[in-house]
>>> print(open('run-v1.pdb').read())   # PDB, C-alpha atoms, pLDDT in the B column
ATOM      1  CA  MET Y1371     -33.994   9.389  77.330  1.00 72.00           C
ATOM      2  CA  ILE Y1372     -37.082  10.472  79.245  1.00 80.00           C
ATOM      3  CA  MET Y1373     -38.268   8.402  82.178  1.00 79.00           C
ATOM      4  CA  TYR Y1374     -41.832   8.842  83.380  1.00 84.00           C
ATOM      5  CA  THR Y1375     -42.258   7.446  86.878  1.00 84.00           C
ATOM      6  CA  MET Y1376     -43.802   8.199  90.242  1.00 83.00           C
ATOM      7  CA  MET Y1377     -40.754   6.779  92.025  1.00 82.00           C
ATOM      8  CA  PRO Y1378     -38.581   9.298  93.888  1.00 80.00           C
ATOM      9  CA  GLU Y1379     -35.327  10.205  92.202  1.00 79.00           C
ATOM     10  CA  GLU Y1380     -33.353   8.814  95.165  1.00 74.00           C
ATOM     11  CA  LEU Y1381     -34.663   5.298  94.495  1.00 76.00           C
ATOM     12  CA  ILE Y1382     -33.720   5.382  90.819  1.00 78.00           C
ATOM     13  CA  PHE Y1383     -30.380   7.175  91.198  1.00 77.00           C
ATOM     14  CA  PRO Y1384     -29.014   6.319  94.670  1.00 71.00           C
ATOM     15  CA  ILE Y1385     -26.969   8.912  96.511  1.00 74.00           C
ATOM     16  CA  HIS Y1386     -23.651   8.077  98.176  1.00 78.00           C
ATOM     17  CA  GLN Y1387     -23.810   6.792 101.763  1.00 78.00           C
ATOM     18  CA  ASP Y1388     -21.746   9.701 103.157  1.00 78.00           C
ATOM     19  CA  ILE Y1389     -24.540  12.134 102.265  1.00 77.00           C
ATOM     20  CA  TYR Y1390     -27.081  10.082 104.253  1.00 78.00           C
ATOM     21  CA  GLU Y1391     -24.747   9.999 107.267  1.00 84.00           C
ATOM     22  CA  LYS Y1392     -24.939  13.795 107.578  1.00 86.00           C
ATOM     23  CA  GLN Y1393     -28.766  13.788 107.655  1.00 88.00           C
ATOM     24  CA  ARG Y1394     -30.770  13.700 110.873  1.00 88.00           C
ATOM     25  CA  VAL Y1395     -34.413  13.850 111.925  1.00 91.00           C
ATOM     26  CA  ILE Y1396     -35.022  16.593 114.475  1.00 88.00           C
ATOM     27  CA  ASN Y1397     -38.058  17.968 116.278  1.00 89.00           C
ATOM     28  CA  TYR Y1398     -37.976  21.750 115.876  1.00 86.00           C
ATOM     29  CA  ASN Y1399     -40.738  23.552 117.824  1.00 86.00           C
ATOM     30  CA  GLY Y1400     -42.874  20.406 117.643  1.00 89.00           C
ATOM     31  CA  ILE Y1401     -42.373  19.963 113.884  1.00 92.00           C
ATOM     32  CA  PRO Y1402     -40.407  16.932 112.653  1.00 93.00           C
ATOM     33  CA  LEU Y1403     -37.801  17.889 110.046  1.00 93.00           C
ATOM     34  CA  LEU Y1404     -35.213  16.055 107.987  1.00 91.00           C
ATOM     35  CA  VAL Y1405     -32.065  18.168 108.157  1.00 91.00           C
ATOM     36  CA  GLU Y1406     -28.456  17.927 106.995  1.00 90.00           C
ATOM     37  CA  LEU Y1407     -25.529  18.860 109.216  1.00 88.00           C
ATOM     38  CA  ASN Y1408     -23.466  21.665 107.640  1.00 87.00           C
ATOM     39  CA  GLN Y1409     -21.434  22.861 110.631  1.00 85.00           C
ATOM     40  CA  PRO Y1410     -21.553  21.927 114.323  1.00 82.00           C
ATOM     41  CA  HIS Y1411     -25.015  22.944 115.570  1.00 80.00           C
ATOM     42  CA  GLN Y1412     -26.049  24.317 112.166  1.00 87.00           C
ATOM     43  CA  TYR Y1413     -28.463  22.318 110.044  1.00 88.00           C
ATOM     44  CA  GLU Y1414     -30.062  22.910 106.650  1.00 93.00           C
ATOM     45  CA  VAL Y1415     -33.691  21.847 106.279  1.00 94.00           C
ATOM     46  CA  ILE Y1416     -34.064  19.131 103.630  1.00 91.00           C
ATOM     47  CA  ARG Y1417     -37.682  18.078 104.128  1.00 92.00           C
ATOM     48  CA  ILE Y1418     -40.637  18.751 106.450  1.00 94.00           C
ATOM     49  CA  LEU Y1419     -41.924  15.416 107.784  1.00 93.00           C
ATOM     50  CA  SER Y1420     -45.126  16.704 109.363  1.00 93.00           C
ATOM     51  CA  THR Y1421     -48.617  15.679 108.301  1.00 92.00           C
ATOM     52  CA  ASP Y1422     -50.054  19.049 109.358  1.00 93.00           C
ATOM     53  CA  PRO Y1423     -50.527  21.256 106.250  1.00 93.00           C
ATOM     54  CA  ASN Y1424     -50.056  24.429 108.338  1.00 93.00           C
ATOM     55  CA  HIS Y1425     -46.440  23.472 109.098  1.00 93.00           C
ATOM     56  CA  TYR Y1426     -45.584  23.826 105.409  1.00 91.00           C
ATOM     57  CA  LEU Y1427     -46.544  27.517 105.550  1.00 92.00           C
ATOM     58  CA  HIS Y1428     -43.948  28.441 108.230  1.00 89.00           C
ATOM     59  CA  SER Y1429     -41.174  30.323 106.426  1.00 88.00           C
ATOM     60  CA  PRO Y1430     -38.490  29.709 109.120  1.00 89.00           C
ATOM     61  CA  ILE Y1431     -38.517  25.960 108.375  1.00 91.00           C
ATOM     62  CA  GLN Y1432     -38.797  25.889 104.596  1.00 92.00           C
ATOM     63  CA  PRO Y1433     -36.366  23.566 102.772  1.00 93.00           C
ATOM     64  CA  GLY Y1434     -33.008  25.267 102.315  1.00 92.00           C
ATOM     65  CA  THR Y1435     -33.298  27.288 105.532  1.00 92.00           C
ATOM     66  CA  LYS Y1436     -30.336  27.158 107.942  1.00 92.00           C
ATOM     67  CA  LEU Y1437     -31.180  26.359 111.586  1.00 88.00           C
ATOM     68  CA  ASN Y1438     -28.944  26.813 114.610  1.00 84.00           C
ATOM     69  CA  VAL Y1439     -30.001  24.094 117.054  1.00 73.00           C
ATOM     70  CA  ASN Y1440     -28.495  22.147 119.930  1.00 70.00           C
ATOM     71  CA  GLU Y1441     -28.372  18.376 120.317  1.00 56.00           C
ATOM     72  CA  SER Y1442     -31.575  18.255 122.414  1.00 52.00           C
ATOM     73  CA  PHE Y1443     -33.669  18.596 119.226  1.00 56.00           C
ATOM     74  CA  ILE Y1444     -32.377  15.368 117.682  1.00 55.00           C
ATOM     75  CA  PHE Y1445     -34.677  12.340 117.885  1.00 51.00           C
TER      76      PHE Y1445
END
>>> encode(input="run-v1.pdb", output="structure tokens")
Amino acid sequence: MIMYTMMPEELIFPIHQDIYEKQRVINYNGIPLLVELNQPHQYEVIRILSTDPNHYLHSPIQPGTKLNVNESFIF
């Protein structure tokens, strides 16, 4: 079956709650990011939440990148 829709995959096929509990919104160098906790103080970038197109060109914050941050970055 093929489903053509503009809806995000997460709305059609919900993910388990425990995955959402590991995600956080942080402010990294002035750029809001959705990240997932992998280890204490190590996050993996899931999504860039900025409206500035230039932020999407920064390679250190591309989705999939691992960040070592402290708790002061968390919103």
>>> closest_residue(input="run-v1.pdb", among="Y:Glu1379, Y:Met1371, Y:Lys1392, Y:Gln1387", to="Y:Asn1408", atoms="all atoms listed in the file")
Y:Lys1392
>>> closest_residue(input="run-v1.pdb", among="Y:Glu1391, Y:Leu1437, Y:Leu1427, Y:Asn1397", to="Y:His1411", atoms="all atoms listed in the file")
Y:Leu1437
>>> atom_distance(input="run-v1.pdb", atom1="atom CA of Y:Val1395", atom2="atom CA of Y:Gln1432")
14.8 Å
>>> atom_distance(input="run-v1.pdb", atom1="atom CA of Y:Glu1406", atom2="atom CA of Y:Ile1389")
8.4 Å
>>> residues_near_point(input="run-v1.pdb", point="(-35.9, 18.1, 101.4)", cutoff="7 Å", atoms="all atoms listed in the file", output="PDB file with C-alpha atoms, in the coordinates of the input")
ATOM      1  CA  LEU Y1404     -35.213  16.055 107.987  1.00 91.00           C
ATOM      2  CA  VAL Y1415     -33.691  21.847 106.279  1.00 94.00           C
ATOM      3  CA  ILE Y1416     -34.064  19.131 103.630  1.00 91.00           C
ATOM      4  CA  ARG Y1417     -37.682  18.078 104.128  1.00 92.00           C
ATOM      5  CA  ILE Y1418     -40.637  18.751 106.450  1.00 94.00           C
ATOM      6  CA  PRO Y1433     -36.366  23.566 102.772  1.00 93.00           C
TER       7      PRO Y1433
END
>>> atom_distance(input="run-v1.pdb", atom1="atom CA of Y:Asn1438", atom2="atom CA of Y:Tyr1413")
6.4 Å
>>> resolve_selection(input="run-v1.pdb", expression="the PyMOL selection byres ((chain Y and resi 1399) around 12)", output="ChimeraX atom specification")
/Y:1396-1398,1400-1403,1420,1425,1428,1430-1431,1437,1439,1442-1444
>>> closest_residue(input="run-v1.pdb", among="Y:Phe1383, Y:Leu1419, Y:Lys1436, Y:Gln1393", to="Y:Leu1407", atoms="all atoms listed in the file")
Y:Gln1393
>>> axis_aligned_box(input="run-v1.pdb", around="stretch 1405-1424 of chain Y", padding_each_side="8 Å", output="JSON")
{"center_x": -36.0, "center_y": 19.9, "center_z": 109.6, "size_x": 45.1, "size_y": 25.0, "size_z": 27.9}
>>> decode(input="run-v1.pdb", residues="stretch 1406-1438 of chain Y", atoms="N, CA, C and O atoms", output="PDB file, in the first residue's frame")
ATOM      1  N   GLU Y1406      18.465  14.193  21.324  1.00  0.00           N
ATOM      2  CA  GLU Y1406      18.115  12.981  22.067  1.00  0.00           C
ATOM      3  C   GLU Y1406      19.291  12.602  22.942  1.00  0.00           C
ATOM      4  O   GLU Y1406      20.433  12.552  22.482  1.00  0.00           O
ATOM      5  N   LEU Y1407      19.015  12.336  24.206  1.00  0.00           N
ATOM      6  CA  LEU Y1407      20.048  11.959  25.162  1.00  0.00           C
ATOM      7  C   LEU Y1407      20.531  10.551  24.868  1.00  0.00           C
ATOM      8  O   LEU Y1407      19.754   9.603  24.846  1.00  0.00           O
ATOM      9  N   ASN Y1408      21.842  10.392  24.617  1.00  0.00           N
ATOM     10  CA  ASN Y1408      22.432   9.074  24.387  1.00  0.00           C
ATOM     11  C   ASN Y1408      23.156   8.602  25.635  1.00  0.00           C
ATOM     12  O   ASN Y1408      22.993   7.482  26.065  1.00  0.00           O
ATOM     13  N   GLN Y1409      23.993   9.452  26.192  1.00  0.00           N
ATOM     14  CA  GLN Y1409      24.749   9.195  27.406  1.00  0.00           C
ATOM     15  C   GLN Y1409      24.673  10.469  28.230  1.00  0.00           C
ATOM     16  O   GLN Y1409      24.291  11.511  27.705  1.00  0.00           O
ATOM     17  N   PRO Y1410      25.036  10.408  29.526  1.00  0.00           N
ATOM     18  CA  PRO Y1410      25.030  11.659  30.300  1.00  0.00           C
ATOM     19  C   PRO Y1410      25.896  12.721  29.622  1.00  0.00           C
ATOM     20  O   PRO Y1410      27.043  12.473  29.284  1.00  0.00           O
ATOM     21  N   HIS Y1411      25.317  13.857  29.379  1.00  0.00           N
ATOM     22  CA  HIS Y1411      25.968  15.019  28.753  1.00  0.00           C
ATOM     23  C   HIS Y1411      26.363  14.795  27.300  1.00  0.00           C
ATOM     24  O   HIS Y1411      27.179  15.524  26.757  1.00  0.00           O
ATOM     25  N   GLN Y1412      25.824  13.764  26.644  1.00  0.00           N
ATOM     26  CA  GLN Y1412      26.055  13.587  25.219  1.00  0.00           C
ATOM     27  C   GLN Y1412      24.707  13.456  24.528  1.00  0.00           C
ATOM     28  O   GLN Y1412      23.899  12.606  24.865  1.00  0.00           O
ATOM     29  N   TYR Y1413      24.472  14.346  23.571  1.00  0.00           N
ATOM     30  CA  TYR Y1413      23.213  14.386  22.852  1.00  0.00           C
ATOM     31  C   TYR Y1413      23.462  14.178  21.367  1.00  0.00           C
ATOM     32  O   TYR Y1413      24.498  14.556  20.841  1.00  0.00           O
ATOM     33  N   GLU Y1414      22.471  13.615  20.686  1.00  0.00           N
ATOM     34  CA  GLU Y1414      22.501  13.484  19.231  1.00  0.00           C
ATOM     35  C   GLU Y1414      21.461  14.433  18.660  1.00  0.00           C
ATOM     36  O   GLU Y1414      20.315  14.458  19.111  1.00  0.00           O
ATOM     37  N   VAL Y1415      21.854  15.233  17.681  1.00  0.00           N
ATOM     38  CA  VAL Y1415      20.950  16.207  17.083  1.00  0.00           C
ATOM     39  C   VAL Y1415      19.896  15.474  16.256  1.00  0.00           C
ATOM     40  O   VAL Y1415      20.222  14.672  15.380  1.00  0.00           O
ATOM     41  N   ILE Y1416      18.620  15.752  16.555  1.00  0.00           N
ATOM     42  CA  ILE Y1416      17.509  15.164  15.814  1.00  0.00           C
ATOM     43  C   ILE Y1416      17.001  16.148  14.770  1.00  0.00           C
ATOM     44  O   ILE Y1416      16.774  15.799  13.620  1.00  0.00           O
ATOM     45  N   ARG Y1417      16.839  17.412  15.189  1.00  0.00           N
ATOM     46  CA  ARG Y1417      16.245  18.412  14.296  1.00  0.00           C
ATOM     47  C   ARG Y1417      16.733  19.805  14.694  1.00  0.00           C
ATOM     48  O   ARG Y1417      16.888  20.107  15.865  1.00  0.00           O
ATOM     49  N   ILE Y1418      16.946  20.665  13.710  1.00  0.00           N
ATOM     50  CA  ILE Y1418      17.262  22.074  13.946  1.00  0.00           C
ATOM     51  C   ILE Y1418      15.934  22.821  13.961  1.00  0.00           C
ATOM     52  O   ILE Y1418      15.146  22.712  13.027  1.00  0.00           O
ATOM     53  N   LEU Y1419      15.681  23.575  15.039  1.00  0.00           N
ATOM     54  CA  LEU Y1419      14.395  24.262  15.193  1.00  0.00           C
ATOM     55  C   LEU Y1419      14.463  25.741  14.841  1.00  0.00           C
ATOM     56  O   LEU Y1419      13.513  26.467  15.078  1.00  0.00           O
ATOM     57  N   SER Y1420      15.537  26.190  14.280  1.00  0.00           N
ATOM     58  CA  SER Y1420      15.725  27.594  13.957  1.00  0.00           C
ATOM     59  C   SER Y1420      14.978  27.982  12.681  1.00  0.00           C
ATOM     60  O   SER Y1420      14.756  27.155  11.800  1.00  0.00           O
ATOM     61  N   THR Y1421      14.619  29.258  12.601  1.00  0.00           N
ATOM     62  CA  THR Y1421      14.007  29.780  11.382  1.00  0.00           C
ATOM     63  C   THR Y1421      15.027  30.478  10.492  1.00  0.00           C
ATOM     64  O   THR Y1421      14.678  30.938   9.405  1.00  0.00           O
ATOM     65  N   ASP Y1422      16.270  30.553  10.948  1.00  0.00           N
ATOM     66  CA  ASP Y1422      17.341  31.187  10.181  1.00  0.00           C
ATOM     67  C   ASP Y1422      17.944  30.163   9.214  1.00  0.00           C
ATOM     68  O   ASP Y1422      18.510  29.154   9.644  1.00  0.00           O
ATOM     69  N   PRO Y1423      17.843  30.375   7.905  1.00  0.00           N
ATOM     70  CA  PRO Y1423      18.374  29.407   6.938  1.00  0.00           C
ATOM     71  C   PRO Y1423      19.880  29.163   7.079  1.00  0.00           C
ATOM     72  O   PRO Y1423      20.361  28.089   6.753  1.00  0.00           O
ATOM     73  N   ASN Y1424      20.631  30.154   7.566  1.00  0.00           N
ATOM     74  CA  ASN Y1424      22.078  29.980   7.713  1.00  0.00           C
ATOM     75  C   ASN Y1424      22.431  28.931   8.761  1.00  0.00           C
ATOM     76  O   ASN Y1424      23.483  28.310   8.687  1.00  0.00           O
ATOM     77  N   HIS Y1425      21.567  28.722   9.751  1.00  0.00           N
ATOM     78  CA  HIS Y1425      21.851  27.725  10.785  1.00  0.00           C
ATOM     79  C   HIS Y1425      21.872  26.311  10.215  1.00  0.00           C
ATOM     80  O   HIS Y1425      22.541  25.437  10.754  1.00  0.00           O
ATOM     81  N   TYR Y1426      21.161  26.078   9.135  1.00  0.00           N
ATOM     82  CA  TYR Y1426      21.115  24.751   8.532  1.00  0.00           C
ATOM     83  C   TYR Y1426      22.400  24.416   7.768  1.00  0.00           C
ATOM     84  O   TYR Y1426      22.596  23.278   7.368  1.00  0.00           O
ATOM     85  N   LEU Y1427      23.259  25.403   7.570  1.00  0.00           N
ATOM     86  CA  LEU Y1427      24.517  25.187   6.859  1.00  0.00           C
ATOM     87  C   LEU Y1427      25.675  24.865   7.793  1.00  0.00           C
ATOM     88  O   LEU Y1427      26.755  24.506   7.328  1.00  0.00           O
ATOM     89  N   HIS Y1428      25.484  24.986   9.115  1.00  0.00           N
ATOM     90  CA  HIS Y1428      26.547  24.705  10.087  1.00  0.00           C
ATOM     91  C   HIS Y1428      26.716  23.193  10.227  1.00  0.00           C
ATOM     92  O   HIS Y1428      25.828  22.507  10.730  1.00  0.00           O
ATOM     93  N   SER Y1429      27.851  22.676   9.808  1.00  0.00           N
ATOM     94  CA  SER Y1429      28.076  21.226   9.879  1.00  0.00           C
ATOM     95  C   SER Y1429      28.172  20.674  11.300  1.00  0.00           C
ATOM     96  O   SER Y1429      27.808  19.519  11.510  1.00  0.00           O
ATOM     97  N   PRO Y1430      28.606  21.440  12.317  1.00  0.00           N
ATOM     98  CA  PRO Y1430      28.675  20.851  13.666  1.00  0.00           C
ATOM     99  C   PRO Y1430      27.311  20.549  14.291  1.00  0.00           C
ATOM    100  O   PRO Y1430      27.246  19.842  15.285  1.00  0.00           O
ATOM    101  N   ILE Y1431      26.228  21.049  13.718  1.00  0.00           N
ATOM    102  CA  ILE Y1431      24.908  20.820  14.316  1.00  0.00           C
ATOM    103  C   ILE Y1431      23.954  20.105  13.363  1.00  0.00           C
ATOM    104  O   ILE Y1431      22.750  20.125  13.564  1.00  0.00           O
ATOM    105  N   GLN Y1432      24.470  19.445  12.367  1.00  0.00           N
ATOM    106  CA  GLN Y1432      23.608  18.724  11.439  1.00  0.00           C
ATOM    107  C   GLN Y1432      22.971  17.522  12.137  1.00  0.00           C
ATOM    108  O   GLN Y1432      23.550  16.959  13.054  1.00  0.00           O
ATOM    109  N   PRO Y1433      21.761  17.127  11.746  1.00  0.00           N
ATOM    110  CA  PRO Y1433      21.134  15.955  12.359  1.00  0.00           C
ATOM    111  C   PRO Y1433      22.039  14.725  12.286  1.00  0.00           C
ATOM    112  O   PRO Y1433      22.670  14.453  11.276  1.00  0.00           O
ATOM    113  N   GLY Y1434      22.118  14.024  13.420  1.00  0.00           N
ATOM    114  CA  GLY Y1434      22.990  12.866  13.538  1.00  0.00           C
ATOM    115  C   GLY Y1434      24.297  13.169  14.241  1.00  0.00           C
ATOM    116  O   GLY Y1434      25.004  12.262  14.660  1.00  0.00           O
ATOM    117  N   THR Y1435      24.641  14.452  14.381  1.00  0.00           N
ATOM    118  CA  THR Y1435      25.877  14.851  15.034  1.00  0.00           C
ATOM    119  C   THR Y1435      25.756  14.657  16.544  1.00  0.00           C
ATOM    120  O   THR Y1435      24.722  14.918  17.135  1.00  0.00           O
ATOM    121  N   LYS Y1436      26.824  14.200  17.180  1.00  0.00           N
ATOM    122  CA  LYS Y1436      26.875  14.032  18.630  1.00  0.00           C
ATOM    123  C   LYS Y1436      27.421  15.319  19.250  1.00  0.00           C
ATOM    124  O   LYS Y1436      28.433  15.846  18.796  1.00  0.00           O
ATOM    125  N   LEU Y1437      26.756  15.816  20.296  1.00  0.00           N
ATOM    126  CA  LEU Y1437      27.180  17.018  21.001  1.00  0.00           C
ATOM    127  C   LEU Y1437      27.455  16.678  22.458  1.00  0.00           C
ATOM    128  O   LEU Y1437      26.672  15.981  23.090  1.00  0.00           O
ATOM    129  N   ASN Y1438      28.548  17.183  22.983  1.00  0.00           N
ATOM    130  CA  ASN Y1438      28.833  17.080  24.408  1.00  0.00           C
ATOM    131  C   ASN Y1438      28.471  18.420  25.032  1.00  0.00           C
ATOM    132  O   ASN Y1438      29.139  19.414  24.786  1.00  0.00           O
TER     133      ASN Y1438
END
